[in-house]
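Undergrad: I'm passing along data14.cif; it holds mmCIF, C-alpha atoms.
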data_target
loop_
_atom_site.group_PDB
_atom_site.id
_atom_site.type_symbol
_atom_site.label_atom_id
_atom_site.label_comp_id
_atom_site.auth_asym_id
_atom_site.auth_seq_id
_atom_site.Cartn_x
_atom_site.Cartn_y
_atom_site.Cartn_z
ATOM 1 C CA MET Z 339 -6.713 -19.826 -14.340
ATOM 2 C CA LYS Z 340 -5.431 -16.589 -15.898
ATOM 3 C CA TYR Z 341 -5.730 -13.291 -14.044
ATOM 4 C CA THR Z 342 -4.547 -9.754 -14.537
ATOM 5 C CA SER Z 343 -2.681 -8.263 -11.613
ATOM 6 C CA ALA Z 344 -5.710 -6.087 -10.850
ATOM 7 C CA GLU Z 345 -7.981 -9.142 -10.816
ATOM 8 C CA ALA Z 346 -5.496 -11.086 -8.686
ATOM 9 C CA SER Z 347 -5.351 -8.210 -6.180
ATOM 10 C CA LYS Z 348 -9.132 -8.203 -5.926
ATOM 11 C CA LEU Z 349 -9.114 -11.984 -5.487
ATOM 12 C CA LEU Z 350 -6.496 -11.621 -2.762
ATOM 13 C CA ARG Z 351 -8.637 -9.048 -0.924
ATOM 14 C CA THR Z 352 -11.684 -11.321 -1.193
ATOM 15 C CA LEU Z 353 -9.787 -14.364 0.093
ATOM 16 C CA THR Z 354 -8.261 -12.357 2.945
ATOM 17 C CA GLU Z 355 -11.664 -10.978 3.962
ATOM 18 C CA GLU Z 356 -13.161 -14.466 3.816
ATOM 19 C CA HIS Z 357 -10.316 -15.800 5.993
ATOM 20 C CA ASN Z 358 -10.644 -12.949 8.498
ATOM 21 C CA ASN Z 359 -14.419 -13.384 8.710
ATOM 22 C CA LEU Z 360 -14.089 -17.128 9.237
ATOM 23 C CA ALA Z 361 -11.417 -16.620 11.912
ATOM 24 C CA ASP Z 362 -13.651 -14.047 13.655
ATOM 25 C CA ARG Z 363 -16.589 -16.433 13.501
ATOM 26 C CA GLU Z 364 -14.414 -19.196 14.965
ATOM 27 C CA ARG Z 365 -13.318 -16.924 17.841
ATOM 28 C CA SER Z 366 -16.965 -16.313 18.666
ATOM 29 C CA LEU Z 367 -17.743 -20.047 18.708
ATOM 30 C CA ASP Z 368 -14.648 -21.766 20.125
ATOM 31 C CA THR Z 369 -15.674 -21.031 23.702
ATOM 32 C CA PHE Z 370 -19.025 -20.418 25.324
ATOM 33 C CA GLY Z 371 -20.429 -19.608 28.711
ATOM 34 C CA ALA Z 372 -23.026 -21.431 30.727
ATOM 35 C CA PHE Z 373 -24.490 -20.798 34.144
ATOM 36 C CA ALA Z 374 -23.801 -23.347 36.874
ATOM 37 C CA ASN Z 375 -27.417 -24.558 36.788
ATOM 38 C CA GLU Z 376 -27.419 -24.979 32.954
ATOM 39 C CA ASP Z 377 -26.565 -28.080 30.986
ATOM 40 C CA PRO Z 378 -23.526 -27.025 28.844
ATOM 41 C CA ALA Z 379 -24.635 -29.388 26.083
ATOM 42 C CA ALA Z 380 -27.957 -27.543 25.799
ATOM 43 C CA VAL Z 381 -26.319 -24.119 25.238
ATOM 44 C CA ARG Z 382 -23.244 -25.277 23.293
ATOM 45 C CA PRO Z 383 -23.022 -23.429 19.934
ATOM 46 C CA ASP Z 384 -22.605 -25.476 16.772
ATOM 47 C CA TYR Z 385 -18.846 -25.568 16.120
ATOM 48 C CA ASP Z 386 -16.772 -28.147 14.273
ATOM 49 C CA TYR Z 387 -13.099 -27.608 15.121
ATOM 50 C CA ALA Z 388 -11.748 -29.806 12.296
ATOM 51 C CA GLU Z 389 -13.990 -28.155 9.702
ATOM 52 C CA TYR Z 390 -12.833 -24.665 10.685
ATOM 53 C CA GLN Z 391 -9.147 -25.648 10.661
ATOM 54 C CA ALA Z 392 -9.474 -27.269 7.236
ATOM 55 C CA ARG Z 393 -11.291 -24.266 5.735
ATOM 56 C CA LEU Z 394 -8.816 -21.761 7.248
ATOM 57 C CA SER Z 395 -5.859 -23.795 5.937
ATOM 58 C CA GLU Z 396 -7.447 -23.978 2.492
ATOM 59 C CA LEU Z 397 -7.895 -20.201 2.404
ATOM 60 C CA GLU Z 398 -4.333 -19.615 3.666
ATOM 61 C CA GLU Z 399 -2.954 -21.814 0.881
ATOM 62 C CA LYS Z 400 -4.947 -19.897 -1.752
ATOM 63 C CA ILE Z 401 -3.763 -16.572 -0.285
ATOM 64 C CA ARG Z 402 -0.130 -17.763 -0.440
ATOM 65 C CA LYS Z 403 -0.506 -18.857 -4.069
ATOM 66 C CA VAL Z 404 -2.119 -15.582 -5.145
ATOM 67 C CA LYS Z 405 0.439 -13.433 -3.287
ATOM 68 C CA HIS Z 406 3.289 -15.454 -4.754
ATOM 69 C CA ALA Z 407 1.896 -15.170 -8.294
ATOM 70 C CA ILE Z 408 1.532 -11.383 -7.894
ATOM 71 C CA ASN Z 409 5.087 -11.146 -6.535
ATOM 72 C CA VAL Z 410 6.493 -13.202 -9.412
ATOM 73 C CA PHE Z 411 4.593 -11.036 -11.888
ATOM 74 C CA ASN Z 412 5.936 -7.866 -10.242
ATOM 75 C CA VAL Z 413 9.573 -9.017 -10.236
ATOM 76 C CA THR Z 414 9.536 -10.366 -13.807
ATOM 77 C CA THR Z 415 7.394 -7.856 -15.704
ATOM 78 C CA VAL Z 416 9.376 -4.948 -17.130
ATOM 79 C CA LEU Z 417 7.617 -1.676 -17.853
ATOM 80 C CA PRO Z 418 8.744 -0.485 -21.302
ATOM 81 C CA GLU Z 419 8.367 3.157 -20.199
ATOM 82 C CA THR Z 420 10.962 2.790 -17.433
ATOM 83 C CA GLY Z 421 13.000 -0.296 -18.348
ATOM 84 C CA MET Z 422 12.449 -1.419 -14.755
ATOM 85 C CA THR Z 423 10.361 -4.203 -13.301
ATOM 86 C CA ILE Z 424 7.100 -3.355 -11.572
ATOM 87 C CA ASP Z 425 8.801 -4.304 -8.305
ATOM 88 C CA GLU Z 426 11.558 -1.754 -8.894
ATOM 89 C CA THR Z 427 9.052 0.956 -9.787
ATOM 90 C CA LEU Z 428 7.082 0.185 -6.610
ATOM 91 C CA VAL Z 429 10.289 1.055 -4.742
ATOM 92 C CA LEU Z 430 10.875 4.104 -6.950
ATOM 93 C CA LEU Z 431 7.406 5.630 -6.450
ATOM 94 C CA PRO Z 432 7.817 6.398 -2.710
ATOM 95 C CA GLN Z 433 11.253 7.870 -3.477
ATOM 96 C CA LEU Z 434 9.738 10.103 -6.137
ATOM 97 C CA SER Z 435 6.911 11.082 -3.776
ATOM 98 C CA ALA Z 436 9.442 12.147 -1.145
ATOM 99 C CA ARG Z 437 11.319 14.146 -3.796
ATOM 100 C CA LYS Z 438 8.038 15.739 -4.914
ATOM 101 C CA ARG Z 439 7.221 16.846 -1.327
ATOM 102 C CA LYS Z 440 10.697 18.367 -0.902
ATOM 103 C CA LEU Z 441 10.626 20.120 -4.280
ATOM 104 C CA SER Z 442 7.130 21.431 -3.596
ATOM 105 C CA VAL Z 443 8.417 23.286 -0.539
ATOM 106 C CA MET Z 444 11.549 24.467 -2.315
ATOM 107 C CA SER Z 445 9.631 25.694 -5.386
ATOM 108 C CA MET Z 446 7.273 27.840 -3.281
ATOM 109 C CA ARG Z 447 9.999 29.739 -1.472
ATOM 110 C CA VAL Z 448 10.806 33.311 -2.273
ATOM 111 C CA GLN Z 449 14.385 34.318 -3.096
ATOM 112 C CA LYS Z 450 14.629 36.636 -0.075
ATOM 113 C CA GLU Z 451 12.444 36.272 3.011
ATOM 114 C CA ARG Z 452 12.383 38.586 5.984
ATOM 115 C CA LEU Z 453 12.694 36.712 9.279
ATOM 116 C CA MET Z 454 10.838 37.765 12.351
ATOM 117 C CA ASN Z 455 13.328 38.844 14.984
ATOM 118 C CA THR Z 456 12.462 36.819 18.086
ATOM 119 C CA ARG Z 457 15.284 38.220 20.238
ATOM 120 C CA THR Z 458 13.860 41.663 20.509
ATOM 121 C CA THR Z 459 11.059 43.626 18.943
ATOM 122 C CA THR Z 460 13.159 46.789 18.788
ATOM 123 C CA ALA Z 461 15.976 45.453 16.601
ATOM 124 C CA ALA Z 462 17.304 48.144 14.309
ATOM 125 C CA VAL Z 463 18.447 45.697 11.632
ATOM 126 C CA SER Z 464 16.217 43.178 9.873
ATOM 127 C CA GLU Z 465 17.375 39.637 9.270
ATOM 128 C CA PHE Z 466 16.732 37.880 5.958
ATOM 129 C CA MET Z 467 16.882 34.287 4.756
ATOM 130 C CA TYR Z 468 17.974 33.729 1.147
ATOM 131 C CA ALA Z 469 17.278 30.748 -1.082
ATOM 132 C CA ASN Z 470 20.618 29.192 -1.951
ATOM 133 C CA TYR Z 471 19.382 27.679 -5.219
ATOM 134 C CA ASP Z 472 17.461 28.630 -8.343
ATOM 135 C CA ILE Z 473 13.755 28.525 -7.380
ATOM 136 C CA ALA Z 474 12.690 28.266 -11.034
ATOM 137 C CA GLU Z 475 14.900 25.174 -11.405
ATOM 138 C CA ALA Z 476 13.300 23.626 -8.313
ATOM 139 C CA LYS Z 477 9.843 24.329 -9.803
ATOM 140 C CA SER Z 478 10.895 22.760 -13.097
ATOM 141 C CA ASP Z 479 12.242 19.682 -11.276
ATOM 142 C CA TYR Z 480 8.992 19.498 -9.289
ATOM 143 C CA ASP Z 481 6.942 19.511 -12.517
ATOM 144 C CA LYS Z 482 9.197 16.823 -14.045
ATOM 145 C CA THR Z 483 8.837 14.661 -10.920
ATOM 146 C CA VAL Z 484 5.037 14.967 -10.975
ATOM 147 C CA ALA Z 485 5.025 13.988 -14.658
ATOM 148 C CA GLU Z 486 7.321 11.017 -13.967
ATOM 149 C CA ILE Z 487 5.107 9.767 -11.111
ATOM 150 C CA THR Z 488 2.017 10.083 -13.312
ATOM 151 C CA ALA Z 489 3.670 8.247 -16.216
ATOM 152 C CA ILE Z 490 4.845 5.398 -13.992
ATOM 153 C CA GLN Z 491 1.446 5.045 -12.295
ATOM 154 C CA THR Z 492 -0.278 5.005 -15.677
ATOM 155 C CA ALA Z 493 2.168 2.395 -17.019
ATOM 156 C CA ILE Z 494 1.638 0.186 -13.962
ATOM 157 C CA ASP Z 495 -2.147 0.578 -14.232
ATOM 158 C CA LEU Z 496 -2.055 -0.394 -17.902
ATOM 159 C CA VAL Z 497 0.041 -3.521 -17.283
ATOM 160 C CA ASN Z 498 -1.963 -4.478 -14.181
ATOM 161 C CA ASN Z 499 -5.186 -4.343 -16.199
ATOM 162 C CA THR Z 500 -3.996 -5.978 -19.424
ATOM 163 C CA GLU Z 501 -1.174 -8.497 -18.837
ATOM 164 C CA THR Z 502 -2.294 -11.873 -17.495
ATOM 165 C CA PHE Z 503 -0.560 -14.639 -15.559
ATOM 166 C CA GLU Z 504 -1.544 -18.064 -14.302
ATOM 167 C CA ILE Z 505 -2.623 -18.772 -10.728
ATOM 168 C CA ASP Z 506 -3.225 -22.411 -9.888
ATOM 169 C CA ILE Z 507 -5.837 -22.328 -7.143
#
Translate this file's structure into structure tokens.
TA:
Amino acid sequence: MKYTSAEASKLLRTLTEEHNNLADRERSLDTFGAFANEDPAAVRPDYDYAEYQARLSELEEKIRKVKHAINVFNVTTVLPETGMTIDETLVLLPQLSARKRKLSVMSMRVQKERLMNTRTTTAAVSEFMYANYDIAEAKSDYDKTVAEITAIQTAIDLVNNTETFEIDI
């Protein structure tokens, strides 16, 4: 069946939740308590070991197939806006986010900042810290980085919601 990456991601979440819920249910049924004066057969919960193992294995196989299909899509689909695969841009985005955080701090500095003298409150000479770069250039680079992140995210969103690929499940 054909899926977009967005649809495949939703399918993956659904399958994972179903697997986790089934595994939780199994944990609540695979053992049980009974008082010494009770007949264990009378209080035994309904649990079919083989049925649970088969269903969990089936879900795990589907999860593997969906994850693999998404991974293949990500490493083979090139975003025209960047010339890189989705996989490469998913590595690039955290790098750009780190750059954005750094440039945000650098772009908000003032050229000359008076430091508080912690050695003594009666110092006769003030100490200053100077920016050793062009603050306007840092602000410009910050704006460019924000625009690049936005463009890449938009390009990924577009491809993830329009391009389809086959998942055999």
Undergrad: Within 8 Å of segment 485-499 of chain Z, counting only C-alpha atoms, which residues show up once you throw out same-chain ones fewer than 6 positions away? Write them as a PyMOL selection string, please.
TA: chain Z and resi 342-345+417+419-420+424+427+431+434-435
Undergrad: Enumerate, as a PyMOL selection string, the residues matched when the PyMOL selection byres ((chain Z and resi 394-406) around 12) is run on the file above.
TA: chain Z and resi 339-364+387-393+407-413+503-507
Undergrad: For atom CA of Asp479 of chain Z and atom CA of Gly421 of chain Z, determine how far apart the two atoms are, in Å to one decimal place.
TA: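 Computing it gives 21.2 Å between the two atoms.
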Undergrad: If we count all atoms listed in the file, what is near Met467 of chain Z at a cut-off of 10 Å, once residues fewer than 5 positions away on the same chain are taken out, given as a JSON list (two decimals) with C-alpha atoms, in the coordinates of the input?
TA:
[["chain", "number", "residue", "atom", "x", "y", "z"],
["Z", 448, "VAL", "CA", 10.81, 33.31, -2.27],
["Z", 449, "GLN", "CA", 14.38, 34.32, -3.10],
["Z", 450, "LYS", "CA", 14.63, 36.64, -0.08],
["Z", 451, "GLU", "CA", 12.44, 36.27, 3.01],
["Z", 452, "ARG", "CA", 12.38, 38.59, 5.98],
["Z", 453, "LEU", "CA", 12.69, 36.71, 9.28]]
Undergrad: In terms of the shortest atom-to-atom distance over all atoms listed in the file, which of Z:Arg382, Z:Met454, Z:Tyr480, Z:Pro418 is closest to Phe466 of chain Z?
TA: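 Ranking Z:Arg382, Z:Met454, Z:Tyr480, Z:Pro418 by distance to Phe466 of chain Z, first place goes to Z:Met454.
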Undergrad: Which one of Z:Ala379, Z:Ala374, Z:Leu367, Z:Met444 sits closest to Asp472 of chain Z if you count all atoms listed in the file?
TA: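 So, comparing all the options, the nearest one is Z:Met444.
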Undergrad: Could you check how far atom CA of Ile473 of chain Z sits from atom CA of Leu428 of chain Z, in Å to one decimal?
TA: 29.1 Å
Undergrad: Between atom CA of Val484 of chain Z and atom CA of Thr415 of chain Z, what is the spacing in Å?
TA: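 About the pair atom CA of Thr415 of chain Z and atom CA of Val484 of chain Z: they are 23.4 Å apart.
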Undergrad: How big is the axis-aligned box around the listed atoms of segment 430-439 of chain Z once 6 Å is added on each side, and where is its centre? Give both in Å to one decimal, as AutoDock Vina command-line options.
TA:
--center_x 9.1 --center_y 10.5 --center_z -4.0 --size_x 16.4 --size_y 24.7 --size_z 17.8
Undergrad: Could you give me, as a CSV table (one decimal) with C-alpha atoms, in the frame of the given file, the residues that have an atom at most 8 Å away from the point (-15.4, -25.5, 20.1) in the coordinates of the file, using only C-alpha atoms?
TA:
chain,number,residue,atom,x,y,z
Z,367,LEU,CA,-17.7,-20.0,18.7
Z,368,ASP,CA,-14.6,-21.8,20.1
Z,369,THR,CA,-15.7,-21.0,23.7
Z,383,PRO,CA,-23.0,-23.4,19.9
Z,384,ASP,CA,-22.6,-25.5,16.8
Z,385,TYR,CA,-18.8,-25.6,16.1
Z,386,ASP,CA,-16.8,-28.1,14.3
Z,387,TYR,CA,-13.1,-27.6,15.1
